[in-house]
$ cat data11.tsv   # TSV, C-alpha atoms and all ligand atoms
chain	number	residue	atom	x	y	z
H	88	MET	CA	5.31	-25.07	-3.62
H	89	SER	CA	2.46	-26.05	-5.83
H	90	VAL	CA	2.45	-29.39	-7.56
H	91	ARG	CA	2.02	-29.04	-11.29
H	92	ARG	CA	0.21	-32.05	-12.66
H	93	THR	CA	-0.28	-31.01	-16.28
H	94	THR	CA	0.75	-28.05	-18.38
H	95	GLY	CA	-0.88	-26.73	-21.50
H	96	ILE	CA	-4.38	-25.29	-21.60
H	97	TYR	CA	-6.57	-23.77	-24.24
H	98	THR	CA	-7.49	-20.11	-23.67
H	99	ASP	CA	-10.10	-18.08	-25.54
H	100	ARG	CA	-7.82	-15.07	-25.71
H	101	TRP	CA	-4.49	-16.60	-26.80
H	102	GLY	CA	-5.37	-20.11	-27.98
H	103	TRP	CA	-3.23	-23.08	-26.93
H	104	GLN	CA	-0.74	-22.17	-24.21
H	105	PRO	CA	1.78	-25.01	-23.82
H	106	HIS	CA	3.49	-23.63	-20.67
H	107	ALA	CA	0.35	-22.57	-18.77
H	108	TRP	CA	-2.03	-24.37	-16.45
H	109	ALA	CA	-5.31	-23.40	-14.84
H	110	GLU	CA	-5.28	-22.17	-11.26
H	111	ASN	CA	-8.10	-20.30	-9.51
H	112	GLY	CA	-9.80	-20.01	-12.88
H	113	LEU	CA	-6.88	-18.15	-14.44
H	114	PRO	CA	-4.29	-19.23	-17.00
H	115	THR	CA	-1.13	-19.45	-14.91
H	116	TYR	CA	2.32	-19.03	-16.43
H	117	PRO	CA	5.81	-19.70	-15.18
H	118	TRP	CA	8.23	-16.77	-15.06
H	119	ARG	CA	8.82	-15.13	-18.49
H	120	THR	CA	6.31	-17.26	-20.40
H	121	ALA	CA	3.17	-15.09	-20.14
H	122	PRO	CA	1.77	-13.46	-23.30
H	123	ALA	CA	3.31	-10.06	-24.10
H	124	GLY	CA	1.47	-6.83	-23.40
H	125	LEU	CA	-0.14	-7.75	-20.07
H	126	LEU	CA	0.46	-5.55	-17.06
H	127	THR	CA	1.06	-6.30	-13.40
H	128	ARG	CA	-0.52	-3.97	-10.83
H	129	ARG	CA	2.69	-1.94	-10.48
H	130	GLN	CA	3.17	-1.65	-14.22
H	131	MET	CA	-0.48	-0.56	-14.41
H	132	ARG	CA	0.07	2.19	-11.83
H	133	ASP	CA	3.28	3.33	-13.54
H	134	ALA	CA	1.30	3.63	-16.78
H	135	GLY	CA	-1.30	5.80	-15.01
H	136	LEU	CA	-3.99	3.11	-15.22
H	137	ALA	CA	-6.34	1.53	-12.68
H	138	PRO	CA	-8.43	-1.68	-12.76
H	139	GLY	CA	-11.78	0.12	-12.78
H	140	GLY	CA	-13.53	-3.14	-11.95
H	141	ALA	CA	-11.59	-5.19	-14.48
H	142	ASP	CA	-10.68	-8.74	-13.52
H	143	PRO	CA	-7.21	-10.17	-14.05
H	144	VAL	CA	-6.87	-12.21	-17.25
H	145	ALA	CA	-3.88	-14.34	-16.21
H	146	GLN	CA	-1.29	-14.76	-13.52
H	147	ILE	CA	2.38	-15.58	-13.34
H	148	VAL	CA	4.14	-17.64	-10.74
H	149	CYS	CA	7.50	-16.44	-9.53
H	150	ARG	CA	9.97	-17.03	-6.70
H	151	ARG	CA	9.71	-20.81	-7.11
H	152	GLY	CA	5.94	-20.79	-6.72
H	153	ARG	CA	5.79	-18.63	-3.60
H	154	ILE	CA	4.34	-15.56	-5.32
H	155	ARG	CA	1.49	-15.11	-7.76
H	156	ALA	CA	1.29	-11.89	-9.77
H	157	LEU	CA	-2.04	-11.05	-11.37
H	158	LEU	CA	-1.90	-9.82	-14.95
H	159	PHE	CA	-4.36	-7.37	-16.49
H	160	ALA	CA	-5.08	-6.56	-20.12
H	161	PRO	CA	-4.42	-2.87	-20.87
H	162	ASP	CA	-7.65	-2.63	-22.90
H	163	ASP	CA	-9.74	-3.45	-19.80
H	164	LEU	CA	-8.17	-0.71	-17.67
H	165	ARG	CA	-9.20	2.87	-17.02
H	166	PRO	CA	-7.15	5.99	-16.30
H	167	LYS	CA	-6.19	6.42	-12.68
H	168	ARG	CA	-8.51	8.82	-10.88
H	169	ALA	CA	-7.00	12.06	-9.61
H	170	ALA	CA	-8.08	13.65	-6.34
H	171	SER	CA	-9.83	17.02	-6.68
H	172	PRO	CA	-8.42	20.05	-4.81
H	173	ALA	CA	-11.43	19.86	-2.45
H	174	GLN	CA	-10.68	16.20	-1.67
H	175	LEU	CA	-7.01	16.96	-1.00
H	176	ALA	CA	-8.03	19.85	1.28
H	177	ALA	CA	-10.42	17.58	3.19
H	178	VAL	CA	-7.74	14.93	3.68
H	179	GLY	CA	-5.31	17.62	4.85
H	180	LYS	CA	-7.84	18.81	7.45
H	181	ALA	CA	-8.47	15.25	8.62
H	182	ILE	CA	-4.75	14.58	9.10
H	183	ALA	CA	-4.31	17.92	10.89
H	184	ALA	CA	-7.11	16.91	13.29
H	185	ARG	CA	-5.32	13.61	14.04
H	186	ARG	CA	-2.09	15.51	14.80
H	187	TRP	CA	-3.79	17.93	17.22
H	188	CYS	CA	-3.29	17.17	20.92
H	189	PRO	CA	-6.36	18.25	22.95
H	190	ALA	CA	-4.37	18.29	26.21
H	191	CYS	CA	-1.63	20.74	25.28
H	192	GLN	CA	-3.59	22.39	22.44
H	193	ARG	CA	-0.93	22.10	19.76
H	194	ASP	CA	0.10	20.20	16.65
H	195	ALA	CA	2.09	17.26	18.01
H	196	GLY	CA	4.04	16.87	14.76
H	197	TYR	CA	2.73	13.31	14.31
H	198	CYS	CA	-0.66	11.62	14.46
H	199	ILE	CA	-1.38	11.14	18.15
H	200	PRO	CA	-2.06	7.53	19.25
H	201	THR	CA	-5.80	6.89	19.54
H	202	SER	CA	-5.10	4.60	22.51
H	203	LEU	CA	-3.81	7.62	24.47
H	204	GLY	CA	-5.98	10.43	23.09
H	205	ARG	CA	-3.14	12.90	23.61
H	206	CYS	CA	0.47	13.32	22.56
H	207	ILE	CA	3.37	11.27	23.92
H	208	ALA	CA	4.79	14.25	25.82
H	209	CYS	CA	1.46	14.71	27.66
H	210	GLU	CA	1.09	11.00	28.37
H	211	TYR	CA	4.65	10.43	29.62
H	212	PRO	CA	5.80	13.72	31.19
H	213	ASP	CA	9.43	12.92	31.92
H	214	PRO	CA	12.03	15.73	32.07
H	215	VAL	CA	13.27	15.11	28.51
H	216	THR	CA	9.89	15.20	26.78
H	217	ALA	CA	8.73	18.10	28.99
H	218	ALA	CA	11.77	20.14	27.96
H	219	VAL	CA	11.11	19.35	24.31
H	220	ARG	CA	7.45	20.29	24.62
H	221	ASP	CA	8.26	23.56	26.37
H	222	SER	CA	10.75	24.46	23.65
H	223	GLY	CA	7.84	24.17	21.23
H	224	SER	CA	9.71	22.17	18.61
H	225	ALA	CA	7.42	19.52	17.19
H	226	GLU	CA	10.16	18.18	14.90
H	227	ALA	CA	12.52	17.61	17.83
H	228	ALA	CA	9.72	16.00	19.84
H	229	THR	CA	9.16	13.23	17.30
H	230	THR	CA	12.85	12.39	16.93
H	231	ASP	CA	13.66	12.71	20.65
H	232	ASN	CA	10.70	10.57	21.68
H	233	ARG	CA	11.66	7.52	19.71
H	234	PRO	CA	14.38	6.05	21.98
H	235	ALA	CA	12.24	6.79	25.06
H	236	THR	CA	9.15	5.01	23.67
H	237	ARG	CA	11.22	2.03	22.53
H	238	ALA	CA	12.77	1.67	25.98
H	239	ALA	CA	9.38	1.90	27.69
H	301	ZN	ZN	-0.08	17.05	24.29

$ encode --input "data11.tsv" --output "structure tokens" --more "lines below"
Ligand SMILES: [Zn+2]
Amino acid sequence: MSVRRTTGIYTDRWGWQPHAWAENGLPTYPWRTAPAGLLTRRQMRDAGLAPGGADPVAQIVCRRGRIRALLFAPDDLRPKRAASPAQLAAVGKAIAARRWCPACQRDAGYCIPTSLGRCIACEYPDPVTAAVRDSGSAEAATTDNRPATRAA
């Protein structure tokens, strides 16, 4: 926990703030004492906004000083960017490439581990995973592999 030596600072934006103190260059407020209208990152995302390079204007301290939440002023924020159809298609192709096993030439149903370079069924050909692979069910392969990989 932080040690609070003095409270009360003067801020350009809100004037005298009796409950706040300065920390990392930001006015810092205890739970429920911050000025109204500021947004946390999650509130910002829920409102469809993004920082767009904006700096936080204050922070709150919660959970008995264990957590700091940065606060942003809505006027500084920009609308959240949306991915274009071409960008979404490119990401889809990239993920499909990560799911493709070069050894058995199929979609593994999950992103194959880069440490192996091929799917789990190819790397550990035990009777169970071989049967799953031969049945051609990628969904079953992912669920059936989990206990085996944990035990290994
Ligand atoms: Zn494979």

$ residues_near_ligand --input "data11.tsv" --ligand "ligand ZN 301 (chain H)" --cutoff "7 Å" --atoms "only C-alpha atoms and all ligand atoms" --output "list in words"
Cys188, Pro189, Ala190, Cys191, Gln192, Arg193, Ala195, Arg205, Cys206, Ile207, Ala208 and Cys209 of chain H

$ atom_distance --input "data11.tsv" --atom1 "atom CA of H:Pro200" --atom2 "atom CA of H:Leu175"
22.9 Å

$ closest_residue --input "data11.tsv" --among "H:Pro212, H:Gly196, H:His106, H:Asp99" --to "H:Ala183" --atoms "all atoms listed in the file"
H:Gly196

$ axis_aligned_box --input "data11.tsv" --around "stretch 93-108 of chain H" --padding-each-side "3 Å" --output "JSON"
{"center_x": -3.3, "center_y": -23.0, "center_z": -22.1, "size_x": 19.6, "size_y": 21.9, "size_z": 17.7}

$ atom_distance --input "data11.tsv" --atom1 "atom CA of H:Arg168" --atom2 "atom CA of H:Thr127"
18.1 Å

$ atom_distance --input "data11.tsv" --atom1 "atom CA of H:Gly95" --atom2 "atom CA of H:Ala109"
8.7 Å

$ residues_around --input "data11.tsv" --residues "H:Leu164" --least-positions-apart "5" --cutoff "9 Å" --atoms "only C-alpha atoms" --output "JSON, numbers by chain"
{"H": [131, 136, 137, 138, 139, 140, 141, 159]}

$ closest_atom_pairs --input "data11.tsv" --of "stretch 132-183 of chain H" --to "stretch 115-126 of chain H" --cutoff "7 Å" --atoms "all atoms listed in the file" --output "Markdown table"
| residue | atom | partner | partner_atom | distance |
| --- | --- | --- | --- | --- |
| H:Ala145 | CA | H:Thr115 | CA | 5.9 |
| H:Gln146 | CA | H:Thr115 | CA | 4.9 |
| H:Ile147 | CA | H:Tyr116 | CA | 4.6 |
| H:Val148 | CA | H:Pro117 | CA | 5.2 |
| H:Cys149 | CA | H:Trp118 | CA | 5.6 |
| H:Leu158 | CA | H:Leu126 | CA | 5.3 |
| H:Phe159 | CA | H:Leu126 | CA | 5.2 |
| H:Ala160 | CA | H:Leu125 | CA | 5.1 |
| H:Pro161 | CA | H:Leu125 | CA | 6.5 |

$ write_last_selection --input "data11.tsv" --atoms "C-alpha atoms" --output "PDB file, in the coordinates of the input"
ATOM      1  CA  ALA H 145      -3.880 -14.340 -16.210  1.00  0.00           C
ATOM      2  CA  GLN H 146      -1.290 -14.760 -13.520  1.00  0.00           C
ATOM      3  CA  ILE H 147       2.380 -15.580 -13.340  1.00  0.00           C
ATOM      4  CA  VAL H 148       4.140 -17.640 -10.740  1.00  0.00           C
ATOM      5  CA  CYS H 149       7.500 -16.440  -9.530  1.00  0.00           C
ATOM      6  CA  LEU H 158      -1.900  -9.820 -14.950  1.00  0.00           C
ATOM      7  CA  PHE H 159      -4.360  -7.370 -16.490  1.00  0.00           C
ATOM      8  CA  ALA H 160      -5.080  -6.560 -20.120  1.00  0.00           C
ATOM      9  CA  PRO H 161      -4.420  -2.870 -20.870  1.00  0.00           C
TER      10      PRO H 161
END
